[in-house]
$ cat my_file_32.csv   # CSV, C-alpha atoms
chain,number,residue,atom,x,y,z
O,1,MET,CA,0.0,0.0,0.0
O,2,ASN,CA,1.2,3.5,-0.8
O,3,ASN,CA,3.0,5.8,1.7
O,4,ILE,CA,1.4,9.1,2.6
O,5,LEU,CA,3.5,11.8,4.2
O,6,LEU,CA,1.3,14.4,5.7
O,7,LEU,CA,2.8,17.8,6.5
O,8,THR,CA,0.8,20.2,8.7
O,9,LYS,CA,1.3,23.2,11.0
O,10,ILE,CA,-1.5,22.0,13.4
O,11,TYR,CA,-1.8,18.6,14.9
O,12,PRO,CA,-3.0,17.3,18.2
O,13,ALA,CA,-0.8,15.9,21.0
O,14,LYS,CA,-1.3,15.1,24.7
O,15,ASP,CA,1.1,17.9,25.7
O,16,LEU,CA,-0.6,20.5,23.4
O,17,PRO,CA,-3.9,22.4,24.1
O,18,ASN,CA,-7.0,20.6,23.2
O,19,ASN,CA,-8.9,23.5,21.7
O,20,ASP,CA,-7.3,23.6,18.2
O,21,THR,CA,-8.7,21.9,15.2
O,22,LYS,CA,-8.1,18.1,14.7
O,23,VAL,CA,-9.3,18.1,11.1
O,24,VAL,CA,-5.9,16.8,9.7
O,25,HIS,CA,-5.8,14.0,12.2
O,26,TYR,CA,-9.3,12.8,11.3
O,27,PHE,CA,-8.1,12.4,7.7
O,28,ALA,CA,-4.9,10.7,8.8
O,29,LYS,CA,-6.8,8.3,11.0
O,30,GLU,CA,-9.2,7.2,8.3
O,31,TRP,CA,-6.4,6.7,5.7
O,32,LYS,CA,-4.6,4.5,8.3
O,33,LYS,CA,-7.8,2.4,8.6
O,34,MET,CA,-8.0,2.2,4.8
O,35,GLY,CA,-4.6,0.5,4.8
O,36,TYR,CA,-2.3,3.4,3.8
O,37,ASN,CA,1.0,3.9,5.6
O,38,VAL,CA,0.7,7.3,7.1
O,39,LEU,CA,3.4,9.4,8.7
O,40,VAL,CA,2.5,12.9,10.0
O,41,VAL,CA,5.2,15.6,10.2
O,42,HIS,CA,3.9,18.4,12.5
O,43,ASN,CA,5.9,21.4,11.5
O,44,PHE,CA,5.7,23.1,14.9
O,45,VAL,CA,6.2,26.8,14.3
O,46,LEU,CA,7.9,28.5,17.2
O,47,PHE,CA,8.3,32.2,18.0
O,48,PRO,CA,10.9,33.7,20.4
O,49,PRO,CA,10.2,32.7,24.0
O,50,PHE,CA,9.1,36.2,25.2
O,51,VAL,CA,6.0,35.8,22.8
O,52,TYR,CA,4.8,32.9,25.0
O,53,TRP,CA,5.0,35.0,28.2
O,54,ILE,CA,2.5,37.3,26.6
O,55,THR,CA,0.2,34.7,25.0
O,56,ARG,CA,-0.1,32.7,28.3
O,57,LEU,CA,-1.1,35.8,30.2
O,58,PHE,CA,-3.6,37.1,27.6
O,59,SER,CA,-4.6,34.1,25.6
O,60,SER,CA,-8.3,34.7,25.6
O,61,LYS,CA,-8.0,38.4,24.8
O,62,LEU,CA,-5.5,37.7,21.9
O,63,ALA,CA,-7.8,34.9,20.6
O,64,ALA,CA,-10.6,37.4,20.5
O,65,ILE,CA,-8.5,40.0,18.6
O,66,PHE,CA,-7.0,37.6,16.1
O,67,GLY,CA,-10.0,35.3,15.8
O,68,ALA,CA,-8.0,32.1,16.3
O,69,VAL,CA,-6.3,30.0,19.0
O,70,VAL,CA,-3.0,31.6,20.0
O,71,PRO,CA,0.1,29.5,20.7
O,72,THR,CA,0.9,29.0,24.4
O,73,VAL,CA,3.3,26.0,24.3
O,74,TYR,CA,7.0,26.5,23.6
O,75,ASP,CA,8.8,23.2,22.9
O,76,SER,CA,12.1,23.2,21.0
O,77,GLN,CA,12.6,19.4,21.1
O,78,VAL,CA,11.9,17.0,18.3
O,79,ARG,CA,9.1,14.6,19.4
O,80,GLU,CA,8.0,11.3,18.0
O,81,TYR,CA,4.7,9.8,19.2
O,82,GLU,CA,1.6,7.9,18.3
O,83,TYR,CA,-1.8,9.6,18.4
O,84,ASP,CA,-4.9,7.3,17.9
O,85,GLY,CA,-2.7,4.8,16.0
O,86,VAL,CA,-1.1,7.5,13.7
O,87,ASP,CA,2.7,7.9,13.8
O,88,VAL,CA,3.6,11.6,14.3
O,89,VAL,CA,6.9,13.5,14.3
O,90,ARG,CA,6.9,17.0,15.7
O,91,ILE,CA,9.7,19.1,14.5
O,92,PRO,CA,10.1,22.7,15.8
O,93,LEU,CA,10.7,25.5,13.3
O,94,MET,CA,11.6,29.0,14.5
O,95,LYS,CA,9.9,32.0,13.1
O,96,TYR,CA,10.6,35.6,13.9
O,97,VAL,CA,8.1,37.5,11.6
O,98,PRO,CA,4.4,36.4,11.7
O,99,HIS,CA,2.7,35.7,8.4
O,100,GLY,CA,6.0,36.0,6.5
O,101,MET,CA,7.7,33.3,4.4
O,102,PHE,CA,10.7,31.4,5.8
O,103,SER,CA,14.1,31.9,4.4
O,104,ASP,CA,15.4,29.3,1.8
O,105,SER,CA,18.2,28.3,4.2
O,106,THR,CA,15.7,27.7,7.0
O,107,ILE,CA,13.5,25.6,4.9
O,108,LYS,CA,16.4,23.6,3.5
O,109,LYS,CA,17.7,22.8,7.1
O,110,HIS,CA,14.2,21.8,8.1
O,111,TYR,CA,13.8,19.5,5.1
O,112,ASN,CA,17.1,17.9,6.0
O,113,LYS,CA,15.7,17.2,9.5
O,114,ILE,CA,12.6,15.6,8.1
O,115,ASN,CA,14.5,13.6,5.5
O,116,SER,CA,16.9,12.2,8.0
O,117,ILE,CA,14.0,10.9,10.0
O,118,LEU,CA,12.4,9.4,6.9
O,119,LYS,CA,15.7,7.6,6.1
O,120,ARG,CA,16.0,6.3,9.6
O,121,LYS,CA,12.4,5.0,9.5
O,122,GLY,CA,12.8,3.6,6.0
O,123,PHE,CA,9.8,5.6,4.9
O,124,VAL,CA,9.7,6.5,1.2
O,125,PRO,CA,6.8,8.8,0.5
O,126,ASP,CA,4.6,8.2,-2.6
O,127,TYR,CA,2.4,11.2,-1.9
O,128,VAL,CA,3.2,14.3,0.1
O,129,ILE,CA,0.1,16.2,1.3
O,130,GLY,CA,0.4,19.6,3.1
O,131,HIS,CA,-2.2,21.5,5.0
O,132,TRP,CA,-1.9,25.3,5.3
O,133,TRP,CA,0.5,27.5,3.3
O,134,ASN,CA,3.5,27.9,5.6
O,135,PRO,CA,5.9,26.1,5.8
O,136,GLN,CA,4.4,23.4,3.6
O,137,LEU,CA,4.4,25.4,0.4
O,138,GLN,CA,8.2,25.8,0.5
O,139,LEU,CA,9.0,22.2,1.4
O,140,PHE,CA,7.3,20.5,-1.6
O,141,GLN,CA,10.2,21.2,-4.0
O,142,TYR,CA,12.6,19.1,-2.0
O,143,PHE,CA,10.3,16.0,-1.9
O,144,LYS,CA,9.6,16.4,-5.6
O,145,ASN,CA,13.3,16.6,-6.5
O,146,GLU,CA,14.5,13.7,-4.3
O,147,TYR,CA,11.5,11.3,-4.3
O,148,ASN,CA,9.5,12.4,-7.4
O,149,THR,CA,6.4,12.4,-5.2
O,150,LYS,CA,3.0,13.6,-6.2
O,151,ASN,CA,2.3,16.7,-4.1
O,152,CYS,CA,-0.9,18.2,-2.9
O,153,LEU,CA,-1.5,21.4,-0.9
O,154,VAL,CA,-4.7,21.9,0.9
O,155,VAL,CA,-5.7,25.6,1.1
O,156,HIS,CA,-7.4,26.7,4.3
O,157,GLU,CA,-7.2,30.5,3.8
O,158,TYR,CA,-5.4,33.2,1.8
O,159,SER,CA,-3.7,36.0,3.6
O,160,SER,CA,-4.0,39.4,1.9
O,161,LYS,CA,-0.7,40.3,3.5
O,162,VAL,CA,1.1,37.9,1.1
O,163,LYS,CA,1.4,38.9,-2.5
O,164,ALA,CA,0.4,36.2,-5.1
O,165,GLU,CA,3.8,36.5,-6.9
O,166,THR,CA,5.5,35.4,-3.6
O,167,PHE,CA,3.6,32.0,-3.8
O,168,LEU,CA,3.6,31.4,-7.5
O,169,PRO,CA,7.2,30.2,-7.9
O,170,TYR,CA,6.5,27.3,-5.6
O,171,PHE,CA,3.4,26.1,-7.5
O,172,LYS,CA,5.4,24.2,-10.1
O,173,ASP,CA,6.1,21.6,-7.5
O,174,ILE,CA,2.4,21.1,-6.6
O,175,ASP,CA,0.4,18.7,-8.6
O,176,VAL,CA,-3.1,19.3,-7.2
O,177,PHE,CA,-4.7,21.8,-4.7
O,178,GLY,CA,-7.4,20.9,-2.2
O,179,MET,CA,-9.8,23.7,-1.4
O,180,ARG,CA,-11.4,23.7,2.0
O,181,SER,CA,-14.5,25.6,0.8
O,182,MET,CA,-16.0,26.9,-2.4
O,183,PRO,CA,-15.4,30.6,-1.4
O,184,ILE,CA,-11.7,29.8,-0.9
O,185,LYS,CA,-11.7,28.2,-4.3
O,186,LYS,CA,-13.2,31.4,-5.8
O,187,ILE,CA,-10.5,33.6,-4.0
O,188,PHE,CA,-7.8,31.2,-5.2
O,189,ASP,CA,-8.9,31.4,-8.8
O,190,GLU,CA,-9.0,35.2,-8.6
O,191,LYS,CA,-5.5,35.4,-7.2
O,192,PHE,CA,-3.8,32.7,-9.2
O,193,GLY,CA,-6.0,31.9,-12.2
O,194,GLY,CA,-8.1,28.9,-12.8
O,195,ASN,CA,-5.6,26.7,-14.6
O,196,TYR,CA,-4.6,24.5,-11.6
O,197,LYS,CA,-6.0,21.1,-10.7
O,198,THR,CA,-8.2,21.5,-7.7
O,199,PHE,CA,-10.8,19.6,-5.7
O,200,HIS,CA,-13.2,20.4,-2.8
O,201,CYS,CA,-11.5,19.0,0.3
O,202,ALA,CA,-14.4,18.8,2.7
O,203,SER,CA,-14.1,17.2,6.1
O,204,GLY,CA,-16.3,14.4,7.5
O,205,ILE,CA,-17.9,13.4,10.8
O,206,PRO,CA,-18.2,10.0,12.5
O,207,ASP,CA,-21.1,8.0,11.1
O,208,THR,CA,-22.4,7.6,14.6
O,209,PHE,CA,-23.2,11.3,14.5
O,210,VAL,CA,-25.7,10.8,11.7
O,211,VAL,CA,-28.8,9.8,13.7
O,212,GLY,CA,-31.5,11.4,11.6
O,213,ASN,CA,-34.6,13.3,12.8
O,214,GLY,CA,-36.9,10.5,13.7
O,215,HIS,CA,-37.5,12.0,17.1
O,216,ARG,CA,-38.5,15.4,15.6
O,217,THR,CA,-41.9,16.2,14.3
O,218,PHE,CA,-41.6,19.9,13.8
O,219,GLU,CA,-45.3,20.2,14.5
O,220,LYS,CA,-44.5,23.2,16.7
O,221,LYS,CA,-42.5,26.3,15.9
O,222,ILE,CA,-38.7,26.3,16.3
O,223,THR,CA,-38.0,26.9,20.0
O,224,LYS,CA,-34.8,25.0,20.8
O,225,LEU,CA,-31.7,26.7,19.4
O,226,CYS,CA,-28.0,26.0,19.9
O,227,TYR,CA,-24.6,27.4,19.1
O,228,VAL,CA,-21.4,25.3,19.3
O,229,GLY,CA,-18.0,26.9,18.7
O,230,THR,CA,-15.3,29.0,20.2
O,231,MET,CA,-16.7,32.1,21.8
O,232,ILE,CA,-14.8,34.7,19.9
O,233,LYS,CA,-15.9,37.9,18.1
O,234,ARG,CA,-15.6,36.7,14.5
O,235,LYS,CA,-18.1,33.9,15.2
O,236,TYR,CA,-20.7,36.3,16.5
O,237,PRO,CA,-22.4,34.3,19.3
O,238,ILE,CA,-23.9,37.5,20.6
O,239,SER,CA,-25.9,37.8,17.4
O,240,LEU,CA,-28.2,35.0,18.5
O,241,LEU,CA,-29.3,36.9,21.5
O,242,TYR,CA,-29.7,40.2,19.6
O,243,ALA,CA,-31.9,38.4,17.0
O,244,LEU,CA,-34.1,36.6,19.5
O,245,ASP,CA,-34.4,39.6,21.8
O,246,SER,CA,-35.7,41.6,18.8
O,247,LEU,CA,-38.1,38.8,17.8
O,248,PHE,CA,-39.4,37.8,21.3
O,249,PRO,CA,-38.5,40.5,23.8
O,250,SER,CA,-41.2,39.3,26.2
O,251,ASN,CA,-41.2,35.7,25.4
O,252,ASN,CA,-39.4,33.0,27.3
O,253,SER,CA,-40.8,30.0,25.5
O,254,TYR,CA,-37.5,29.2,23.7
O,255,THR,CA,-34.1,28.0,24.9
O,256,ILE,CA,-30.6,28.6,23.6
O,257,ASP,CA,-27.7,26.3,24.3
O,258,PHE,CA,-24.2,27.8,24.0
O,259,VAL,CA,-21.4,25.3,23.9
O,260,GLY,CA,-17.8,26.6,23.9
O,261,SER,CA,-15.4,28.9,25.8
O,262,GLY,CA,-13.9,32.2,25.0
O,263,SER,CA,-13.9,35.9,25.7
O,264,GLU,CA,-17.4,36.6,24.3
O,265,LEU,CA,-19.0,34.6,27.1
O,266,SER,CA,-18.9,37.6,29.4
O,267,LYS,CA,-20.8,39.7,26.7
O,268,LEU,CA,-23.5,37.0,26.5
O,269,MET,CA,-24.0,37.0,30.3
O,270,THR,CA,-24.0,40.8,30.4
O,271,PHE,CA,-26.6,41.2,27.7
O,272,ALA,CA,-28.9,38.4,29.1
O,273,LYS,CA,-28.8,39.8,32.6
O,274,GLY,CA,-32.2,41.1,33.6
O,275,LYS,CA,-34.0,39.8,30.5
O,276,ILE,CA,-37.2,37.9,31.0
O,277,TRP,CA,-35.7,35.0,29.0
O,278,ALA,CA,-32.3,35.0,30.8
O,279,GLU,CA,-32.8,31.7,32.5
O,280,ASN,CA,-33.4,30.1,29.2
O,281,VAL,CA,-29.9,30.7,28.0
O,282,LYS,CA,-27.7,27.8,29.0
O,283,LEU,CA,-23.9,28.2,28.9
O,284,HIS,CA,-22.3,24.7,28.8
O,285,GLY,CA,-18.7,25.8,28.4
O,286,GLN,CA,-16.3,23.4,26.6
O,287,ILE,CA,-17.6,19.8,26.8
O,288,PRO,CA,-16.5,16.5,25.2
O,289,ARG,CA,-17.6,15.8,21.6
O,290,GLU,CA,-20.0,13.1,22.7
O,291,GLN,CA,-21.8,15.4,25.0
O,292,VAL,CA,-22.0,18.0,22.2
O,293,SER,CA,-24.0,15.4,20.2
O,294,ASP,CA,-26.5,15.1,23.1
O,295,VAL,CA,-27.1,18.9,23.0
O,296,LEU,CA,-27.5,18.8,19.2
O,297,LYS,CA,-30.0,16.0,19.4
O,298,GLU,CA,-32.2,18.1,21.7
O,299,SER,CA,-32.1,21.2,19.5
O,300,ASP,CA,-34.3,22.2,16.5
O,301,CYS,CA,-31.9,24.7,14.9
O,302,PHE,CA,-28.2,25.1,14.9
O,303,ILE,CA,-26.9,28.7,14.4
O,304,MET,CA,-23.4,30.0,13.8
O,305,ILE,CA,-23.0,32.9,11.4
O,306,SER,CA,-19.3,33.4,11.7
O,307,LYS,CA,-16.8,35.0,9.2
O,308,GLN,CA,-13.5,33.6,8.1
O,309,GLU,CA,-14.8,30.1,8.5
O,310,ALA,CA,-12.9,27.7,6.2
O,311,PHE,CA,-15.0,24.7,7.1
O,312,GLY,CA,-17.1,23.8,10.1
O,313,LEU,CA,-17.4,20.2,11.2
O,314,VAL,CA,-19.9,21.1,13.8
O,315,TYR,CA,-22.4,22.2,11.1
O,316,LEU,CA,-22.3,18.7,9.7
O,317,GLU,CA,-22.6,17.2,13.2
O,318,ALA,CA,-25.7,19.3,13.8
O,319,MET,CA,-27.2,18.4,10.4
O,320,GLY,CA,-26.6,14.7,11.2
O,321,CYS,CA,-28.7,15.1,14.3
O,322,GLY,CA,-31.5,16.6,12.2
O,323,CYS,CA,-31.0,20.2,13.3
O,324,ILE,CA,-31.9,22.8,10.7
O,325,PRO,CA,-28.6,24.8,10.3
O,326,ILE,CA,-28.2,28.5,9.7
O,327,ALA,CA,-24.7,29.3,8.5
O,328,SER,CA,-22.9,32.3,6.9
O,329,ARG,CA,-23.2,33.2,3.3
O,330,ASN,CA,-20.0,33.2,1.3
O,331,GLU,CA,-18.1,31.3,4.0
O,332,GLY,CA,-17.0,27.8,4.4
O,333,MET,CA,-20.3,26.0,4.5
O,334,ASP,CA,-21.8,27.9,1.5
O,335,GLY,CA,-22.3,25.3,-1.2
O,336,ILE,CA,-22.7,22.5,1.2
O,337,ILE,CA,-25.6,24.2,2.9
O,338,VAL,CA,-28.0,25.4,0.1
O,339,ASP,CA,-30.3,28.1,1.3
O,340,GLY,CA,-33.9,26.8,1.7
O,341,GLN,CA,-33.0,23.2,0.8
O,342,ASN,CA,-31.0,21.8,3.7
O,343,GLY,CA,-30.6,24.9,5.8
O,344,PHE,CA,-30.3,28.7,5.5
O,345,LEU,CA,-27.6,31.2,4.8
O,346,CYS,CA,-27.2,34.6,6.5
O,347,GLU,CA,-24.7,37.4,6.2
O,348,ALA,CA,-22.0,36.9,8.8
O,349,GLY,CA,-22.9,38.6,12.1
O,350,ASN,CA,-26.1,40.2,10.8
O,351,HIS,CA,-28.5,39.7,13.6
O,352,GLU,CA,-31.3,41.6,11.7
O,353,GLU,CA,-31.2,39.1,8.8
O,354,LEU,CA,-30.9,36.3,11.3
O,355,SER,CA,-34.1,37.5,12.9
O,356,THR,CA,-35.8,37.4,9.5
O,357,ILE,CA,-34.6,33.9,8.8
O,358,ILE,CA,-35.8,32.6,12.2
O,359,GLU,CA,-39.2,34.2,11.6
O,360,LYS,CA,-39.3,32.7,8.1
O,361,LEU,CA,-38.4,29.3,9.4
O,362,ASN,CA,-41.3,29.5,11.9
O,363,MET,CA,-43.7,30.5,9.2
O,364,LEU,CA,-42.9,27.3,7.2
O,365,SER,CA,-45.3,24.4,7.3
O,366,MET,CA,-44.4,21.4,9.4
O,367,ASP,CA,-43.8,19.4,6.2
O,368,ASP,CA,-41.3,22.0,4.9
O,369,ARG,CA,-39.4,22.1,8.2
O,370,ARG,CA,-39.2,18.4,8.2
O,371,ARG,CA,-38.1,18.3,4.5
O,372,ILE,CA,-35.2,20.7,5.2
O,373,SER,CA,-34.2,18.6,8.2
O,374,ASP,CA,-34.3,15.4,6.2
O,375,ASN,CA,-32.1,17.0,3.5
O,376,ALA,CA,-29.7,18.2,6.2
O,377,VAL,CA,-29.4,14.6,7.4
O,378,LYS,CA,-28.8,13.3,3.9
O,379,THR,CA,-26.1,15.9,3.4
O,380,ALA,CA,-24.3,14.9,6.6
O,381,ALA,CA,-24.5,11.2,5.6
O,382,TYR,CA,-22.6,12.1,2.4
O,383,TYR,CA,-19.8,13.7,4.5
O,384,THR,CA,-18.9,10.9,7.0
O,385,ASP,CA,-15.2,10.6,8.0
O,386,ILE,CA,-14.6,7.5,5.8
O,387,LEU,CA,-16.4,8.9,2.7
O,388,ALA,CA,-14.7,12.3,3.0
O,389,ALA,CA,-11.2,10.7,3.4
O,390,LYS,CA,-11.8,8.3,0.6
O,391,ARG,CA,-12.9,11.1,-1.8
O,392,TYR,CA,-9.9,13.1,-0.7
O,393,ILE,CA,-7.2,10.6,-1.3
O,394,GLU,CA,-8.8,9.5,-4.6
O,395,ASN,CA,-8.6,13.1,-5.8
O,396,VAL,CA,-5.0,13.3,-4.9
O,397,ILE,CA,-4.2,10.1,-6.7
O,398,ASN,CA,-6.3,10.6,-9.8
O,399,LEU,CA,-6.2,14.3,-10.6

$ encode --input "my_file_32.csv" --output "C-alpha cells"
Amino acid sequence: MNNILLLTKIYPAKDLPNNDTKVVHYFAKEWKKMGYNVLVVHNFVLFPPFVYWITRLFSSKLAAIFGAVVPTVYDSQVREYEYDGVDVVRIPLMKYVPHGMFSDSTIKKHYNKINSILKRKGFVPDYVIGHWWNPQLQLFQYFKNEYNTKNCLVVHEYSSKVKAETFLPYFKDIDVFGMRSMPIKKIFDEKFGGNYKTFHCASGIPDTFVVGNGHRTFEKKITKLCYVGTMIKRKYPISLLYALDSLFPSNNSYTIDFVGSGSELSKLMTFAKGKIWAENVKLHGQIPREQVSDVLKESDCFIMISKQEAFGLVYLEAMGCGCIPIASRNEGMDGIIVDGQNGFLCEAGNHEELSTIIEKLNMLSMDDRRRISDNAVKTAAYYTDILAAKRYIENVINL
C-alpha cells in the first residue's frame, strides 16, 4: 500500500492544548484504517520565548483579537509519538516574523531534518500532502526533487498580506490543490488563475453522528436553538441573543444552548442579565464531543453565522442530528448548505437578517421544516469521515 507523508502546521498531541482543530488528524486516522502507511510531520512553528510569556497571560484576549487560538506552548525538542494509532513526528521551526515566508536556508535545514527521520524509518513517500501554506508550500520542492512524489497542498485560507507573486514560484512543485471551501476556491482562482487542478477538500464526521430526525416532528415552531463553537468575536455568538431579543422581547418559551469557551462569554452574560428570557440561556462551556452530540439531538436549529470560516465540522454534526442549520453566506459551508433546501444562509454577524430567517423558518409548514431537516441529514450522511477521506485521497491520486 502507498505511503502518505502528511505535512501540517497544526496537529494534536497530549502535551498541546485541546482547543485547536483536529481536522488533519481525522483524515490521517481514516487513511490509516484504509490501509495506507501514514506518517505525519507536524511542522511546529515556534516564536521567540518572550512571545509565549504574553500569550499565556492574555490568551483569551488575543484569541478574541485575532479570531484564532494563539500558541501557548514552547517546545524546542523533536518529538516522536503515536496519536490514535497514527505515527507523528513533531519538529520545531523557529519563526521571527508572523505571516511571512521562511528563508530558503531555514526551509532547507528543516527539510534535511525531516529527510533524516524518513531515512531512519525507511519511509519512502509516494504522496506528500500539506495543510496550510506555511511552511508546507516551500517544502514540496525538495520532496519532488528527491523522491519524485505527487504533491498536494490543501488551502485553508489566503492572507491578503502575502502577494500572489510570492507564492507562484513554488506552484510548479504542486500537482493538485485541495480547497477547504468553495469561497476559498473562488478567491484562489481570482488570485492565481483557474488553470490549476483543484478539488473540494471537505471534512467528515463520525457516522455515529448521523442519527436522523426520527425524534423530531416539527409540529410546533422552532423553539430550541443552539450554538457550538469558540466564543470569539468573529463567530458572533452574541448575534443569536440580539436576534431573539428583537423577535421575542417578552417571550421565554424558547431555549438557547451555547457550547464553547472564550472571551465573548462575558458579553452574553451581560446582555442576558435582567432579561425575561435570561434563565433560558444555557452556557455549557467546553464539553466532550460526545456530550455536544447530546445537546444537538435536543435542538431544533443550529446557528453559527461566523466569518473567516474555512469549514465547520460542527455544522455537519448538527445536520446529522436533524438540526436545521443557519450558516454564513460566502463562508466555508456555503455550497454544502444550500439556502432553503437543507438549511439557511445569512450574512456573517447580521442579527437583523438572522431574525428574519428565524421568523421565516417558523412560518414554514411542518412538512417544509421536516423536508429541510431530512435534507440536512442526507447531506451529513454524504460527509462521514470515511467517505470524505476516501474522496480526498482518490482526488490526490487521480487528478

$ atom_distance --input "my_file_32.csv" --atom1 "CA of Ser181 in chain O" --atom2 "CA of Gly335 in chain O"
8.1 Å

$ closest_residue --input "my_file_32.csv" --among "O:Asn43, O:Ser263, O:Ser203, O:Gln77" --to "Leu6 in chain O" --atoms "all atoms listed in the file"
O:Asn43

$ closest_residue --input "my_file_32.csv" --among "O:Val228, O:Ile393, O:Met269, O:Leu316" --to "Cys152 in chain O" --atoms "all atoms listed in the file"
O:Ile393

$ closest_residue --input "my_file_32.csv" --among "O:Lys108, O:Lys113, O:Lys233, O:Lys150" --to "Val128 in chain O" --atoms "all atoms listed in the file"
O:Lys150

$ residues_near_point --input "my_file_32.csv" --point "(-19.2, 28.3, 10.1)" --cutoff "10 Å" --atoms "all atoms listed in the file" --output "list of chain:residue names"
O:Val228, O:Gly229, O:Lys235, O:Ile303, O:Met304, O:Ile305, O:Ser306, O:Lys307, O:Gln308, O:Glu309, O:Ala310, O:Phe311, O:Gly312, O:Leu313, O:Val314, O:Tyr315, O:Ile326, O:Ala327, O:Ser328, O:Arg329, O:Glu331, O:Gly332, O:Met333, O:Asp334, O:Ala348

$ closest_residue --input "my_file_32.csv" --among "O:Ser266, O:Thr384, O:Asn375, O:Ser365" --to "Thr208 in chain O" --atoms "only C-alpha atoms"
O:Thr384

$ axis_aligned_box --input "my_file_32.csv" --around "range 132-149 of chain O" --padding-each-side "4 Å" --output "AutoDock Vina command-line options"
--center_x 6.3 --center_y 19.6 --center_z -0.8 --size_x 24.4 --size_y 24.6 --size_z 21.2

$ closest_atom_pairs --input "my_file_32.csv" --of "range 117-159 of chain O" --to "range 13-33 of chain O" --cutoff "12 Å" --atoms "all atoms listed in the file" --output "Markdown table"
| residue | atom | partner | partner_atom | distance |
| --- | --- | --- | --- | --- |
| O:Ile129 | CA | O:Val24 | CA | 10.3 |
| O:Gly130 | CA | O:Val24 | CA | 9.5 |
| O:His131 | CA | O:Val24 | CA | 7.6 |
| O:Trp132 | CA | O:Val24 | CA | 10.4 |
| O:Val154 | CA | O:Val24 | CA | 10.2 |
| O:His156 | CA | O:Val23 | CA | 11.1 |

$ atom_distance --input "my_file_32.csv" --atom1 "CA of Tyr74 in chain O" --atom2 "CA of His99 in chain O"
18.3 Å

$ closest_residue --input "my_file_32.csv" --among "O:Lys186, O:Lys390, O:Lys197, O:His351" --to "Met34 in chain O" --atoms "all atoms listed in the file"
O:Lys390

$ closest_residue --input "my_file_32.csv" --among "O:Ser76, O:Asn362, O:Ser105, O:Ser299" --to "Asn213 in chain O" --atoms "all atoms listed in the file"
O:Ser299

$ residues_around --input "my_file_32.csv" --residues "Leu225 in chain O" --least-positions-apart "2" --cutoff "8 Å" --atoms "all atoms listed in the file" --output "PyMOL selection string"
chain O and resi 222-223+227+254-257+299-303

$ atom_distance --input "my_file_32.csv" --atom1 "CA of Ile174 in chain O" --atom2 "CA of Lys109 in chain O"
20.6 Å

$ residues_around --input "my_file_32.csv" --residues "range 272-288 of chain O" --least-positions-apart "6" --cutoff "10 Å" --atoms "all atoms listed in the file" --output "VMD selection string"
chain O and resid 19 224 to 231 238 241 to 242 244 to 245 248 to 262 265 295

$ decode --input "my_file_32.csv" --residues "range 352-363 of chain O" --atoms "N, CA, C and O atoms" --output "PDB file, in the first residue's frame"
ATOM      1  N   GLU O 352     -29.995  41.179  12.308  1.00  0.00           N
ATOM      2  CA  GLU O 352     -31.292  41.567  11.742  1.00  0.00           C
ATOM      3  C   GLU O 352     -31.741  40.554  10.679  1.00  0.00           C
ATOM      4  O   GLU O 352     -32.902  40.136  10.648  1.00  0.00           O
ATOM      5  N   GLU O 353     -30.808  40.162   9.806  1.00  0.00           N
ATOM      6  CA  GLU O 353     -31.153  39.139   8.820  1.00  0.00           C
ATOM      7  C   GLU O 353     -31.427  37.808   9.505  1.00  0.00           C
ATOM      8  O   GLU O 353     -32.320  37.055   9.094  1.00  0.00           O
ATOM      9  N   LEU O 354     -30.673  37.518  10.560  1.00  0.00           N
ATOM     10  CA  LEU O 354     -30.897  36.282  11.309  1.00  0.00           C
ATOM     11  C   LEU O 354     -32.307  36.261  11.885  1.00  0.00           C
ATOM     12  O   LEU O 354     -32.990  35.220  11.849  1.00  0.00           O
ATOM     13  N   SER O 355     -32.776  37.390  12.401  1.00  0.00           N
ATOM     14  CA  SER O 355     -34.148  37.475  12.915  1.00  0.00           C
ATOM     15  C   SER O 355     -35.152  37.140  11.819  1.00  0.00           C
ATOM     16  O   SER O 355     -36.111  36.393  12.043  1.00  0.00           O
ATOM     17  N   THR O 356     -34.907  37.672  10.632  1.00  0.00           N
ATOM     18  CA  THR O 356     -35.804  37.424   9.507  1.00  0.00           C
ATOM     19  C   THR O 356     -35.834  35.948   9.137  1.00  0.00           C
ATOM     20  O   THR O 356     -36.894  35.383   8.837  1.00  0.00           O
ATOM     21  N   ILE O 357     -34.670  35.315   9.169  1.00  0.00           N
ATOM     22  CA  ILE O 357     -34.593  33.884   8.810  1.00  0.00           C
ATOM     23  C   ILE O 357     -35.330  33.032   9.837  1.00  0.00           C
ATOM     24  O   ILE O 357     -36.071  32.102   9.476  1.00  0.00           O
ATOM     25  N   ILE O 358     -35.136  33.322  11.114  1.00  0.00           N
ATOM     26  CA  ILE O 358     -35.820  32.556  12.161  1.00  0.00           C
ATOM     27  C   ILE O 358     -37.330  32.730  12.039  1.00  0.00           C
ATOM     28  O   ILE O 358     -38.105  31.776  12.174  1.00  0.00           O
ATOM     29  N   GLU O 359     -37.755  33.966  11.756  1.00  0.00           N
ATOM     30  CA  GLU O 359     -39.181  34.244  11.568  1.00  0.00           C
ATOM     31  C   GLU O 359     -39.717  33.477  10.361  1.00  0.00           C
ATOM     32  O   GLU O 359     -40.798  32.871  10.407  1.00  0.00           O
ATOM     33  N   LYS O 360     -38.942  33.469   9.283  1.00  0.00           N
ATOM     34  CA  LYS O 360     -39.334  32.737   8.068  1.00  0.00           C
ATOM     35  C   LYS O 360     -39.432  31.236   8.355  1.00  0.00           C
ATOM     36  O   LYS O 360     -40.364  30.560   7.894  1.00  0.00           O
ATOM     37  N   LEU O 361     -38.471  30.723   9.107  1.00  0.00           N
ATOM     38  CA  LEU O 361     -38.438  29.306   9.448  1.00  0.00           C
ATOM     39  C   LEU O 361     -39.692  28.910  10.219  1.00  0.00           C
ATOM     40  O   LEU O 361     -40.274  27.841   9.993  1.00  0.00           O
ATOM     41  N   ASN O 362     -40.118  29.777  11.102  1.00  0.00           N
ATOM     42  CA  ASN O 362     -41.297  29.473  11.905  1.00  0.00           C
ATOM     43  C   ASN O 362     -42.603  29.653  11.130  1.00  0.00           C
ATOM     44  O   ASN O 362     -43.665  29.198  11.575  1.00  0.00           O
ATOM     45  N   MET O 363     -42.538  30.320   9.990  1.00  0.00           N
ATOM     46  CA  MET O 363     -43.729  30.474   9.157  1.00  0.00           C
ATOM     47  C   MET O 363     -43.898  29.305   8.185  1.00  0.00           C
ATOM     48  O   MET O 363     -44.956  29.153   7.559  1.00  0.00           O
TER      49      MET O 363
END
